[in-house]
Amino acid sequence: MPFSDGRICGAEATDVDHIVPGGDHSMANLRALCSWCHARKSSSEGGAAAALTRVRIDRPKPTHPALED
């Protein structure tokens with residue numbers, strides 16, 4: 001898996017990764033990654049999925065009492 005600076009991981013591939021997450025188990029959607037790269041990618045995908053389920057509440061910004069007119 002390429003790093004953000006373009007380097008390629010040279011570690012032994014031990015895990016199978018879905019390129020596009022989901023139920024597509026075709027060979028075109030699978031690749032081999034080292035366990036570190038696979039854990040990093042899976043963690044990133046999990047964090048992105050969790051962010052979609054968070055409820056965002058827009059609250060007015062409080063002003064400091066001394067600055068109110």
# chains A, B, ... in the order shown; residues from 1 in each chain; ligands from 1
$ select_by_dssp --residues "chain A" --states "strand (DSSP E or B)" --output "MDAnalysis selection string"
chainID A and resid 2 8 15:18 30:33
$ select_by_dssp --residues "chain A" --states "alpha helix (DSSP H)" --output "PyMOL selection string"
chain A and resi 35-53
$ write_last_selection --atoms "N, CA, C and O atoms" --output "compact mmCIF listing (two decimals), in the first residue's frame"
# COMPACT_ATOMS: atom_id res chain seq x y z
N SER A 35 0.13 -6.72 7.78
CA SER A 35 -0.84 -6.53 8.85
C SER A 35 -0.89 -5.09 9.34
O SER A 35 -1.95 -4.58 9.69
N TRP A 36 0.26 -4.38 9.35
CA TRP A 36 0.28 -3.00 9.81
C TRP A 36 -0.52 -2.10 8.88
O TRP A 36 -1.34 -1.30 9.32
N CYS A 37 -0.29 -2.24 7.56
CA CYS A 37 -1.01 -1.41 6.57
C CYS A 37 -2.51 -1.74 6.60
O CYS A 37 -3.35 -0.84 6.49
N HIS A 38 -2.85 -3.02 6.76
CA HIS A 38 -4.26 -3.41 6.79
C HIS A 38 -4.94 -2.84 8.02
O HIS A 38 -6.07 -2.33 7.94
N ALA A 39 -4.28 -2.89 9.17
CA ALA A 39 -4.86 -2.34 10.39
C ALA A 39 -5.04 -0.83 10.27
O ALA A 39 -6.06 -0.28 10.70
N ARG A 40 -4.07 -0.15 9.67
CA ARG A 40 -4.16 1.31 9.48
C ARG A 40 -5.33 1.67 8.57
O ARG A 40 -6.11 2.57 8.86
N LYS A 41 -5.48 0.93 7.46
CA LYS A 41 -6.57 1.21 6.52
C LYS A 41 -7.92 0.90 7.16
O LYS A 41 -8.87 1.68 7.05
N SER A 42 -8.03 -0.24 7.86
CA SER A 42 -9.28 -0.62 8.50
C SER A 42 -9.68 0.38 9.57
O SER A 42 -10.86 0.73 9.71
N SER A 43 -8.71 0.86 10.34
CA SER A 43 -8.99 1.84 11.37
C SER A 43 -9.51 3.13 10.76
O SER A 43 -10.45 3.74 11.27
N SER A 44 -8.91 3.55 9.67
CA SER A 44 -9.34 4.77 8.98
C SER A 44 -10.77 4.63 8.47
O SER A 44 -11.59 5.54 8.61
N GLU A 45 -11.08 3.48 7.89
CA GLU A 45 -12.43 3.25 7.37
C GLU A 45 -13.45 3.20 8.49
O GLU A 45 -14.55 3.73 8.36
N GLY A 46 -13.07 2.59 9.62
CA GLY A 46 -13.99 2.53 10.76
C GLY A 46 -14.26 3.89 11.34
O GLY A 46 -15.39 4.22 11.70
N GLY A 47 -13.24 4.73 11.42
CA GLY A 47 -13.42 6.09 11.93
C GLY A 47 -14.31 6.91 11.02
O GLY A 47 -15.15 7.68 11.48
N ALA A 48 -14.15 6.75 9.72
CA ALA A 48 -14.98 7.48 8.76
C ALA A 48 -16.43 7.03 8.85
O ALA A 48 -17.36 7.85 8.79
N ALA A 49 -16.65 5.72 9.02
CA ALA A 49 -18.02 5.20 9.14
C ALA A 49 -18.67 5.68 10.43
O ALA A 49 -19.86 6.04 10.44
N ALA A 50 -17.92 5.73 11.51
CA ALA A 50 -18.46 6.20 12.79
C ALA A 50 -18.82 7.68 12.72
O ALA A 50 -19.80 8.12 13.30
N ALA A 51 -18.03 8.45 12.00
CA ALA A 51 -18.30 9.89 11.88
C ALA A 51 -19.63 10.15 11.18
O ALA A 51 -20.30 11.14 11.47
N LEU A 52 -20.02 9.25 10.28
CA LEU A 52 -21.28 9.43 9.57
C LEU A 52 -22.49 9.22 10.48
O LEU A 52 -23.58 9.72 10.19
N THR A 53 -22.30 8.48 11.57
CA THR A 53 -23.43 8.19 12.46
C THR A 53 -23.55 9.19 13.60
O THR A 53 -24.55 9.17 14.31
$ residues_around --residues "Arg31 (chain A)" --least-positions-apart "2" --cutoff "10 Å" --atoms "only C-alpha atoms" --output "NGL selection string"
:A and (1 or 13 or 15-19 or 27-29 or 33)
$ atom_distance --atom1 "CA of Ser26 (chain A)" --atom2 "CA of Asp5 (chain A)"
29.1 Å
$ atom_distance --atom1 "CA of Asp24 (chain A)" --atom2 "CA of Gly10 (chain A)"
26.5 Å
